[in-house]
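Shown next: run.cif, given as mmCIF, C-alpha atoms.
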data_upload
#
loop_
_atom_site.label_atom_id
_atom_site.label_comp_id
_atom_site.auth_asym_id
_atom_site.auth_seq_id
_atom_site.Cartn_x
_atom_site.Cartn_y
_atom_site.Cartn_z
CA MET A 143 146.92 86.98 73.31
CA LYS A 144 145.96 84.13 75.63
CA PRO A 145 146.10 80.62 74.11
CA LYS A 146 142.45 79.89 74.88
CA TYR A 147 141.35 82.77 72.65
CA ILE A 148 143.60 81.61 69.82
CA VAL A 149 141.99 78.17 70.11
CA GLY A 150 138.55 79.83 70.18
CA LEU A 151 139.27 81.90 67.07
CA LEU A 152 140.62 78.85 65.24
CA VAL A 153 137.47 76.89 66.12
CA VAL A 154 135.22 79.69 64.85
CA ALA A 155 137.28 80.17 61.68
CA GLY A 156 137.24 76.41 61.07
CA ALA A 157 133.49 76.23 61.62
CA LEU A 158 132.91 79.10 59.19
CA ALA A 159 135.16 77.53 56.57
CA TYR A 160 133.37 74.22 56.97
CA LEU A 161 129.96 75.85 56.68
CA ILE A 162 130.87 77.95 53.66
CA PHE A 163 132.88 75.43 51.67
CA GLY A 164 131.40 72.17 52.92
CA GLY A 165 127.79 73.10 53.60
CA LEU A 166 126.78 76.03 51.46
CA GLY A 167 128.94 75.15 48.44
CA GLN A 168 126.96 72.01 47.73
CA ASN A 169 123.68 73.55 48.74
CA LEU A 170 123.39 76.34 46.23
CA VAL A 171 121.28 73.83 44.32
CA TYR A 172 119.67 72.15 47.29
CA PHE A 173 117.69 69.59 45.31
CA ILE A 174 117.17 68.64 41.67
CA THR A 175 113.78 68.21 40.02
CA PRO A 176 112.78 65.13 38.01
CA SER A 177 113.07 67.16 34.76
CA GLU A 178 116.64 68.19 35.62
CA TYR A 179 117.50 64.56 36.31
CA PHE A 180 116.36 63.46 32.85
CA GLN A 181 118.42 66.22 31.23
CA GLN A 182 121.67 64.92 32.78
CA ILE A 183 121.06 61.31 33.77
CA ASP A 184 124.75 60.33 33.68
CA ARG A 185 125.77 63.14 36.03
CA TYR A 186 123.52 61.93 38.84
CA GLN A 187 124.36 58.21 38.77
CA ASN A 188 126.14 56.59 41.71
CA ARG A 189 126.43 59.67 43.85
CA PRO A 190 124.31 61.10 46.66
CA VAL A 191 121.55 63.31 45.27
CA ARG A 192 118.64 65.26 46.71
CA LEU A 193 115.49 64.99 44.65
CA GLY A 194 112.57 67.35 45.21
CA GLY A 195 108.98 67.45 44.00
CA LEU A 196 105.40 66.52 44.79
CA VAL A 197 104.18 63.05 45.77
CA LYS A 198 102.00 62.08 42.81
CA GLN A 199 98.30 61.54 43.54
CA GLY A 200 97.47 57.84 43.77
CA SER A 201 101.08 56.66 43.68
CA LEU A 202 101.58 56.15 47.42
CA ASP A 203 102.05 52.56 48.57
CA TYR A 204 103.13 51.94 52.15
CA ASN A 205 103.45 48.60 53.88
CA PRO A 206 103.43 49.15 57.67
CA GLN A 207 104.66 45.58 58.31
CA THR A 208 107.86 45.78 56.25
CA LEU A 209 108.07 49.61 56.47
CA GLU A 210 108.55 49.61 52.71
CA LEU A 211 107.37 52.81 51.10
CA ARG A 212 106.98 53.41 47.38
CA PHE A 213 105.76 56.57 45.69
CA VAL A 214 106.30 58.69 42.60
CA VAL A 215 107.88 62.15 42.75
CA THR A 216 106.74 64.52 40.05
CA ASP A 217 107.38 68.13 39.06
CA GLY A 218 104.35 68.16 36.78
CA VAL A 219 106.42 67.25 33.71
CA LYS A 220 108.55 64.21 34.56
CA GLU A 221 108.10 61.47 37.14
CA ILE A 222 110.55 59.34 39.13
CA PRO A 223 109.63 56.26 41.21
CA VAL A 224 111.06 56.39 44.73
CA ARG A 225 111.65 53.51 47.13
CA SER A 226 112.32 53.99 50.81
CA SER A 227 112.52 51.38 53.53
CA GLY A 228 113.14 50.98 57.23
CA THR A 229 111.56 54.16 58.55
CA THR A 230 108.08 55.42 59.27
CA PRO A 231 107.37 58.48 57.12
CA PRO A 232 106.80 61.79 58.98
CA ALA A 233 103.20 62.55 59.98
CA LEU A 234 102.81 65.26 57.36
CA PHE A 235 103.88 62.94 54.51
CA GLY A 236 101.14 62.24 51.98
CA GLU A 237 99.98 62.54 48.40
CA ASN A 238 100.22 65.98 46.78
CA ARG A 239 102.71 67.06 49.46
CA GLY A 240 106.14 68.48 48.75
CA VAL A 241 109.03 66.16 49.55
CA VAL A 242 112.80 66.20 49.39
CA VAL A 243 114.40 62.74 49.29
CA GLU A 244 118.09 62.13 49.94
CA GLY A 245 119.62 59.03 48.40
CA ARG A 246 120.92 57.56 45.13
CA PHE A 247 119.56 56.50 41.78
CA GLN A 248 119.55 52.76 41.22
CA GLY A 249 118.65 52.34 37.58
CA GLU A 250 115.24 53.88 37.04
CA THR A 251 114.36 54.02 40.72
CA PHE A 252 115.52 56.51 43.32
CA VAL A 253 116.42 54.79 46.59
CA SER A 254 115.80 57.15 49.47
CA GLN A 255 117.91 57.15 52.61
CA ASN A 256 116.21 60.14 54.14
CA LEU A 257 112.69 61.42 53.51
CA LEU A 258 111.97 65.07 54.27
CA VAL A 259 108.55 66.68 54.03
CA LYS A 260 108.06 70.29 52.98
CA HIS A 261 105.15 72.20 54.44
CA SER A 262 103.52 75.40 53.27
CA GLU A 263 104.05 78.86 54.72
CA THR A 264 100.31 79.34 55.27
CA TYR A 265 98.83 78.93 58.72
CA GLN A 266 95.08 78.65 58.84
CA ALA A 267 92.68 77.78 61.59
CA PRO A 268 90.39 74.81 60.88
CA LYS A 269 86.93 75.57 59.52
CA GLU A 270 84.50 77.53 61.67
CA GLY A 271 82.12 75.79 64.01
CA TRP A 272 84.68 73.29 65.23
CA THR A 273 85.40 73.11 68.91
CA PRO A 274 89.02 72.61 69.98
CA GLU A 275 88.08 69.12 71.26
CA GLN A 276 86.78 68.11 67.81
CA VAL A 277 89.93 69.46 66.21
CA ARG A 278 92.11 67.57 68.69
CA LYS A 279 90.17 64.39 67.94
CA LEU A 280 90.55 64.90 64.19
CA ILE A 281 94.30 65.43 64.54
CA GLU A 282 94.69 62.34 66.72
CA GLU A 283 92.70 60.25 64.26
CA THR A 284 94.74 61.27 61.26
CA GLN A 285 98.05 60.36 62.88
CA MET B 297 135.02 113.83 81.63
CA GLN B 298 135.36 110.14 80.88
CA LEU B 299 134.30 109.22 84.41
CA ALA B 300 131.33 111.58 84.36
CA SER B 301 129.94 110.07 81.17
CA SER B 302 130.47 106.50 82.35
CA ASN B 303 128.67 107.33 85.60
CA GLN B 304 125.70 108.52 83.61
CA THR B 305 125.34 105.29 81.66
CA SER B 306 126.17 102.99 84.57
CA ARG B 307 123.12 103.73 86.71
CA LEU B 308 120.37 101.10 86.69
CA ASP B 309 117.49 103.40 85.81
CA GLY B 310 113.75 102.99 86.20
CA LEU B 311 113.24 102.97 82.44
CA THR B 312 115.32 99.79 81.98
CA LEU B 313 113.50 98.02 84.81
CA GLY B 314 110.15 99.23 83.43
CA ILE B 315 110.93 97.94 79.91
CA LEU B 316 112.08 94.59 81.30
CA SER B 317 109.04 94.05 83.51
CA LEU B 318 106.68 95.09 80.70
CA GLY B 319 108.46 92.61 78.43
CA VAL B 320 108.09 89.79 80.98
CA VAL B 321 104.37 90.55 81.42
CA GLY B 322 103.93 90.77 77.64
CA ALA B 323 105.65 87.42 77.10
CA GLY B 324 103.30 85.89 79.68
CA VAL B 325 100.25 87.34 77.92
CA GLY B 326 101.67 86.20 74.56
CA PHE B 327 102.19 82.67 75.89
CA PHE B 328 98.61 82.49 77.14
CA MET B 329 97.26 83.83 73.82
CA ALA B 330 99.43 81.40 71.84
CA MET B 331 98.19 78.45 73.87
CA THR B 332 94.55 79.44 73.23
CA ALA B 333 95.05 80.18 69.51
CA PRO B 334 93.51 77.72 67.05
CA PRO B 335 95.75 74.95 65.66
CA ASP B 336 96.88 75.00 62.04
CA GLN B 337 94.67 72.94 59.76
CA SER B 338 97.50 70.88 58.29
CA GLN B 339 100.10 70.80 61.06
CA GLY B 340 97.78 70.86 64.07
CA PHE B 341 99.07 72.02 67.43
CA VAL B 342 102.70 71.58 66.41
CA ALA B 343 102.45 74.82 64.43
CA ARG B 344 102.08 76.75 67.71
CA ILE B 345 105.86 76.88 68.01
CA PHE B 346 105.51 79.46 65.19
CA HIS B 347 104.54 81.94 67.94
CA LEU B 348 108.02 81.56 69.47
CA HIS B 349 110.18 80.70 66.48
CA VAL B 350 109.32 83.63 64.19
CA PRO B 351 109.66 86.49 66.74
CA MET B 352 112.89 84.96 68.07
CA ALA B 353 114.38 84.79 64.58
CA TRP B 354 113.30 88.39 63.93
CA MET B 355 114.95 89.48 67.20
CA ALA B 356 118.16 87.81 66.04
CA TYR B 357 118.01 89.79 62.78
CA LEU B 358 117.14 92.98 64.69
CA ALA B 359 120.13 92.44 67.00
CA SER B 360 122.34 92.10 63.95
CA PHE B 361 121.17 95.42 62.50
CA ALA B 362 121.41 97.15 65.90
CA ALA B 363 124.99 95.88 66.28
CA LEU B 364 125.72 97.19 62.77
CA GLY B 365 124.31 100.62 63.66
CA TYR B 366 126.21 100.95 66.93
CA SER B 367 129.42 99.61 65.36
CA VAL B 368 129.26 102.20 62.58
CA ALA B 369 128.44 104.85 65.20
CA TYR B 370 131.53 103.80 67.17
CA LEU B 371 133.80 103.96 64.13
CA VAL B 372 132.49 107.45 63.29
CA ARG B 373 132.29 109.01 66.77
CA ARG B 374 134.73 106.80 68.76
CA LYS B 375 132.58 106.84 71.90
CA PRO B 376 133.17 103.79 74.17
CA HIS B 377 129.44 103.81 74.96
CA HIS B 378 128.57 102.83 71.37
CA ASP B 379 131.06 99.97 71.48
CA ARG B 380 129.55 98.66 74.73
CA VAL B 381 125.99 98.80 73.34
CA ALA B 382 127.10 97.04 70.14
CA ALA B 383 128.63 94.25 72.23
CA ALA B 384 125.46 94.04 74.35
CA THR B 385 123.20 93.72 71.26
CA VAL B 386 125.39 90.90 69.94
CA GLU B 387 125.32 89.01 73.25
CA VAL B 388 121.55 89.35 73.67
CA GLY B 389 121.10 88.63 69.96
CA LEU B 390 123.06 85.39 70.31
CA ILE B 391 120.56 84.19 72.93
CA PHE B 392 117.64 84.88 70.58
CA MET B 393 119.51 83.32 67.64
CA ALA B 394 120.23 80.16 69.66
CA LEU B 395 116.57 80.00 70.73
CA ALA B 396 115.41 80.51 67.13
CA LEU B 397 117.66 77.63 66.00
CA LEU B 398 116.50 75.43 68.90
CA THR B 399 112.75 76.08 68.41
CA GLY B 400 113.27 75.57 64.67
CA MET B 401 114.86 72.16 65.28
CA LEU B 402 112.04 71.14 67.62
CA TRP B 403 109.55 72.19 64.94
CA ALA B 404 111.46 70.50 62.10
CA ARG B 405 111.52 67.00 63.62
CA PRO B 406 107.74 66.39 63.64
CA THR B 407 107.05 68.24 60.36
CA TRP B 408 110.05 67.78 58.03
CA GLY B 409 111.15 64.53 59.67
CA VAL B 410 114.64 65.67 60.75
CA TYR B 411 116.05 68.03 63.38
CA TRP B 412 118.59 69.51 61.03
CA ASP B 413 119.36 69.55 57.34
CA TRP B 414 122.01 71.48 55.42
CA GLU B 415 119.50 73.46 53.42
CA PRO B 416 120.02 77.17 52.53
CA ARG B 417 118.04 78.85 55.35
CA LEU B 418 119.50 76.65 58.06
CA THR B 419 123.03 76.83 56.68
CA THR B 420 123.03 80.63 56.35
CA THR B 421 121.60 80.97 59.87
CA ALA B 422 124.30 78.64 61.23
CA ILE B 423 126.92 80.84 59.54
CA LEU B 424 125.31 83.93 61.09
CA PHE B 425 125.45 82.27 64.52
CA ALA B 426 129.12 81.29 64.06
CA ILE B 427 130.06 84.87 63.04
CA TYR B 428 128.55 86.32 66.24
CA VAL B 429 130.20 83.65 68.39
CA GLY B 430 133.38 84.82 66.64
CA TYR B 431 132.53 88.42 67.60
CA VAL B 432 132.40 87.48 71.29
CA VAL B 433 135.66 85.52 71.03
CA VAL B 434 137.41 88.42 69.24
CA ARG B 435 136.35 90.76 72.04
CA GLY B 436 137.70 88.39 74.67
CA ALA B 437 140.98 87.91 72.81
CA ILE B 438 142.00 91.57 72.43
CA GLU B 439 143.19 93.43 75.54
CA ASP B 440 143.53 96.96 74.16
CA PRO B 441 140.06 98.59 74.42
CA GLU B 442 140.39 100.70 71.27
CA LEU B 443 141.75 97.91 69.09
CA ARG B 444 139.13 95.55 70.54
CA ALA B 445 136.32 97.97 69.68
CA LYS B 446 137.59 98.51 66.12
CA ALA B 447 138.11 94.81 65.39
CA ALA B 448 134.71 93.92 66.89
CA ALA B 449 133.01 96.66 64.85
CA GLY B 450 134.53 95.15 61.71
CA VAL B 451 133.17 91.70 62.56
CA ALA B 452 129.71 93.13 63.33
CA ILE B 453 129.59 95.02 60.02
CA LEU B 454 130.68 91.97 58.01
CA GLY B 455 128.30 89.71 59.96
CA SER B 456 125.25 91.84 59.22
CA ILE B 457 125.74 91.27 55.46
CA ASN B 458 124.56 87.73 56.11
CA VAL B 459 121.18 88.84 57.51
CA PRO B 460 119.52 89.70 54.17
CA ILE B 461 121.11 86.59 52.65
CA SER B 462 119.64 84.44 55.42
CA TYR B 463 116.26 86.15 55.20
CA MET B 464 116.02 85.86 51.40
CA SER B 465 117.61 82.37 51.21
CA VAL B 466 114.19 80.69 51.10
CA ARG B 467 113.37 82.57 47.90
CA TRP B 468 116.76 82.83 46.23
CA TRP B 469 117.45 79.12 46.44
CA ARG B 470 115.40 75.96 46.58
CA SER B 471 115.02 75.04 50.20
CA LEU B 472 113.32 72.73 52.64
CA HIS B 473 112.32 75.67 54.80
CA GLN B 474 109.06 77.22 53.62
CA THR B 475 109.05 80.77 52.26
CA GLN B 476 108.20 83.68 54.55
CA SER B 477 104.69 83.54 56.04
CA ILE B 478 104.88 87.25 56.75
CA ASP B 479 106.86 88.62 53.86
CA LEU B 480 108.51 91.88 54.94
CA THR B 481 109.59 92.68 51.36
CA THR B 482 106.11 92.51 49.79
CA GLY B 483 103.88 92.81 52.87
CA LYS B 484 102.00 89.60 52.02
CA ILE B 485 100.70 87.70 55.05
CA ASN B 486 99.67 84.04 54.79
CA VAL B 487 98.56 83.66 58.39
CA ASP B 488 95.04 83.71 59.84
CA ALA B 489 94.42 86.66 62.18
CA ALA B 490 93.70 84.32 65.12
CA ILE B 491 97.15 82.76 64.73
CA LEU B 492 98.90 86.01 63.74
CA ILE B 493 97.83 88.18 66.71
CA PRO B 494 99.49 86.09 69.48
CA MET B 495 102.67 86.09 67.38
CA LEU B 496 102.55 89.91 67.17
CA VAL B 497 102.03 90.14 70.96
CA ASN B 498 105.09 87.94 71.45
CA LEU B 499 106.99 90.05 68.92
CA ALA B 500 106.24 93.22 70.92
CA ALA B 501 107.13 91.50 74.21
CA PHE B 502 110.40 90.09 72.86
CA THR B 503 111.31 93.51 71.42
CA LEU B 504 110.85 95.04 74.90
CA LEU B 505 112.89 92.20 76.45
CA PHE B 506 115.59 92.71 73.85
CA ILE B 507 115.82 96.47 74.49
CA GLY B 508 115.70 95.98 78.26
CA LEU B 509 118.37 93.28 78.26
CA VAL B 510 120.64 95.32 75.97
CA ARG B 511 120.28 98.34 78.30
CA LEU B 512 121.01 96.15 81.33
CA ARG B 513 124.06 94.58 79.68
CA SER B 514 125.36 98.00 78.61
CA ILE B 515 125.00 99.28 82.19
CA ILE B 516 126.99 96.31 83.49
CA ALA B 517 129.65 96.86 80.80
CA ALA B 518 129.86 100.57 81.70
CA ARG B 519 130.40 99.68 85.37
CA GLU B 520 133.12 97.19 84.40
CA ALA B 521 134.82 99.86 82.29
CA ALA B 522 134.59 102.43 85.10
CA ARG B 523 136.12 100.00 87.57
CA GLU B 524 139.01 99.21 85.23
CA GLU B 525 139.83 102.92 84.93
CA VAL B 526 140.14 103.42 88.71
#
structure tokens encoding of this file:
Amino acid sequence: MKPKYIVGLLVVAGALAYLIFGGLGQNLVYFITPSEYFQQIDRYQNRPVRLGGLVKQGSLDYNPQTLELRFVVTDGVKEIPVRSSGTTPPALFGENRGVVVEGRFQGETFVSQNLLVKHSETYQAPKEGWTPEQVRKLIEETQ
Amino acid sequence: MQLASSNQTSRLDGLTLGILSLGVVGAGVGFFMAMTAPPDQSQGFVARIFHLHVPMAWMAYLASFAALGYSVAYLVRRKPHHDRVAAATVEVGLIFMALALLTGMLWARPTWGVYWDWEPRLTTTAILFAIYVGYVVVRGAIEDPELRAKAAAGVAILGSINVPISYMSVRWWRSLHQTQSIDLTTGKINVDAAILIPMLVNLAAFTLLFIGLVRLRSIIAAREAAREEV
């Protein structure tokens, strides 16, 4: 067997091992919900955690000057205040939207390093009677 | 006997060329239809990459099942032709899988906020991709044609196990990736007809391209095999 193929096979085997043990192992529970956090508060302190839920209606507070973003993540039962700073949130971010935040708990607050927005699996055209130009304008205005 | 059968499968026939040209025309029509389809009401025009991303991912899954079928056929019947077609489906499938991953990343950045995240759907698809890269490397590494075919068939059979896991990952585990818009297990479709139809046109076109490219690759492989025998 030629050496280059042995190297190739080792690279593939290594990549698979990394994906299975490094990536997938931790991701079987991809994110925790606020309720799960309150069941095992000690377990989630001082370690990187992904927290998932909905952005609570009326809780969003964003300062474009300092890029400081505060909101509350809820699963309908429990709520957790989240603080994120330094980045502009993605365009689809908003109240009543699904989010996954990566970061750590600091006391009562979750400090987010990375803010990810979930979107739905439904694709619908805008309401009837709208011309593409109007739709384009609406999209540009909301951004 | 061996030479006669390899001659038969090594001719570039009109059917292959016909399928390929129909696929190219279909992809052109699909592109035009996708670009005139209405935008999604929450994502806007960004959601148009759906018309490429979904059919490409389905082609990758289809390639996986086709490779499984031909690999099992090879192990049962031991015909070199089946081994060559299995290898061709994997190679063409890898292109579609890479494109599905790439279009997915381009879609993820403006919607989720990141190009990549180690969430279940993306992780299982990355594993699937790595297994088929491994398939190609295994084929290159083994000189003996029969051993090569048997080892490759084993990899293809094991690799295909990951397809249902990847497909169902968005429902089995919590994920960032949304659940299926067109759910093949329940038949539920959450897509407006105006957005769905261009996707189906692309799906048909990509299926033709997939079949045509696999036939073309198998013909080339048959010619290579025939030349090695002489």
Original post:
Mind telling me what the PyMOL selection byres ((chain B and resi 456-466) around 9) catches here, as a ChimeraX atom specification?
Top reply: /B:357,360-361,363-364,416-421,423-424,451-455,467-476
For the selection you just gave me, I'd like the residues written to a file as a CSV table (one decimal), in the frame of the given file, keeping C-alpha atoms.
chain,number,residue,atom,x,y,z
B,357,TYR,CA,118.0,89.8,62.8
B,360,SER,CA,122.3,92.1,64.0
B,361,PHE,CA,121.2,95.4,62.5
B,363,ALA,CA,125.0,95.9,66.3
B,364,LEU,CA,125.7,97.2,62.8
B,416,PRO,CA,120.0,77.2,52.5
B,417,ARG,CA,118.0,78.8,55.4
B,418,LEU,CA,119.5,76.6,58.1
B,419,THR,CA,123.0,76.8,56.7
B,420,THR,CA,123.0,80.6,56.4
B,421,THR,CA,121.6,81.0,59.9
B,423,ILE,CA,126.9,80.8,59.5
B,424,LEU,CA,125.3,83.9,61.1
B,451,VAL,CA,133.2,91.7,62.6
B,452,ALA,CA,129.7,93.1,63.3
B,453,ILE,CA,129.6,95.0,60.0
B,454,LEU,CA,130.7,92.0,58.0
B,455,GLY,CA,128.3,89.7,60.0
B,467,ARG,CA,113.4,82.6,47.9
B,468,TRP,CA,116.8,82.8,46.2
B,469,TRP,CA,117.4,79.1,46.4
B,470,ARG,CA,115.4,76.0,46.6
B,471,SER,CA,115.0,75.0,50.2
B,472,LEU,CA,113.3,72.7,52.6
B,473,HIS,CA,112.3,75.7,54.8
B,474,GLN,CA,109.1,77.2,53.6
B,475,THR,CA,109.0,80.8,52.3
B,476,GLN,CA,108.2,83.7,54.6
Subject >> Residue IDs satisfying the PyMOL selection byres ((chain B) within 9 of (chain A)), as an MDAnalysis selection string >> reply: chainID B and resid 333:341 343 405:410 414:416 419:420 422:423 426:427 429:430 433:434 436:439 469:478 485:492
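The two atoms in question, CA of Val388 in chain B and CA of Arg373 in chain B, are spaced 23.4 Å apart.
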Excluding range 184-192 of chain A and any residue of its chain fewer than 2 positions from it, enumerate the residues within 6 Å of it, using all atoms listed in the file, and give them as a PDB file with C-alpha atoms, keeping the file's coordinate frame.
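Dumped to around-v9.pdb:
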ATOM      1  CA  PHE A 173     117.690  69.590  45.310  1.00  0.00           C
ATOM      2  CA  GLN A 182     121.670  64.920  32.780  1.00  0.00           C
ATOM      3  CA  VAL A 243     114.400  62.740  49.290  1.00  0.00           C
ATOM      4  CA  GLU A 244     118.090  62.130  49.940  1.00  0.00           C
ATOM      5  CA  GLY A 245     119.620  59.030  48.400  1.00  0.00           C
ATOM      6  CA  ARG A 246     120.920  57.560  45.130  1.00  0.00           C
ATOM      7  CA  PHE A 247     119.560  56.500  41.780  1.00  0.00           C
TER       8      PHE A 247
END
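The interatomic distance for the pair CA of Gly483 in chain B and CA of Pro351 in chain B works out to 16.3 Å.
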Residues near Leu318 in chain B, anyone? I mean within 12 Å using all atoms listed in the file, not counting same-chain ones fewer than 5 positions away, as a PDB file with C-alpha atoms, in the frame of the given file.
ATOM      1  CA  GLY B 310     113.750 102.990  86.200  1.00  0.00           C
ATOM      2  CA  LEU B 311     113.240 102.970  82.440  1.00  0.00           C
ATOM      3  CA  THR B 312     115.320  99.790  81.980  1.00  0.00           C
ATOM      4  CA  LEU B 313     113.500  98.020  84.810  1.00  0.00           C
ATOM      5  CA  ALA B 323     105.650  87.420  77.100  1.00  0.00           C
ATOM      6  CA  GLY B 324     103.300  85.890  79.680  1.00  0.00           C
ATOM      7  CA  VAL B 325     100.250  87.340  77.920  1.00  0.00           C
ATOM      8  CA  GLY B 326     101.670  86.200  74.560  1.00  0.00           C
ATOM      9  CA  VAL B 497     102.030  90.140  70.960  1.00  0.00           C
ATOM     10  CA  ASN B 498     105.090  87.940  71.450  1.00  0.00           C
ATOM     11  CA  ALA B 500     106.240  93.220  70.920  1.00  0.00           C
ATOM     12  CA  ALA B 501     107.130  91.500  74.210  1.00  0.00           C
ATOM     13  CA  PHE B 502     110.400  90.090  72.860  1.00  0.00           C
ATOM     14  CA  THR B 503     111.310  93.510  71.420  1.00  0.00           C
ATOM     15  CA  LEU B 504     110.850  95.040  74.900  1.00  0.00           C
ATOM     16  CA  LEU B 505     112.890  92.200  76.450  1.00  0.00           C
ATOM     17  CA  PHE B 506     115.590  92.710  73.850  1.00  0.00           C
ATOM     18  CA  ILE B 507     115.820  96.470  74.490  1.00  0.00           C
ATOM     19  CA  GLY B 508     115.700  95.980  78.260  1.00  0.00           C
TER      20      GLY B 508
END
**OP:** Determine the residue set returned by the PyMOL selection byres ((chain A and resi 207) around 12) for the present structure, and present it as a PyMOL selection string.
**Re:** chain A and resi 204-206+208-211+227-230
Restrict the selected residues to C-alpha atoms and save them as a JSON list (two decimals), in the frame of the given file.
[["chain", "number", "residue", "atom", "x", "y", "z"],
["A", 204, "TYR", "CA", 103.13, 51.94, 52.15],
["A", 205, "ASN", "CA", 103.45, 48.60, 53.88],
["A", 206, "PRO", "CA", 103.43, 49.15, 57.67],
["A", 208, "THR", "CA", 107.86, 45.78, 56.25],
["A", 209, "LEU", "CA", 108.07, 49.61, 56.47],
["A", 210, "GLU", "CA", 108.55, 49.61, 52.71],
["A", 211, "LEU", "CA", 107.37, 52.81, 51.10],
["A", 227, "SER", "CA", 112.52, 51.38, 53.53],
["A", 228, "GLY", "CA", 113.14, 50.98, 57.23],
["A", 229, "THR", "CA", 111.56, 54.16, 58.55],
["A", 230, "THR", "CA", 108.08, 55.42, 59.27]]
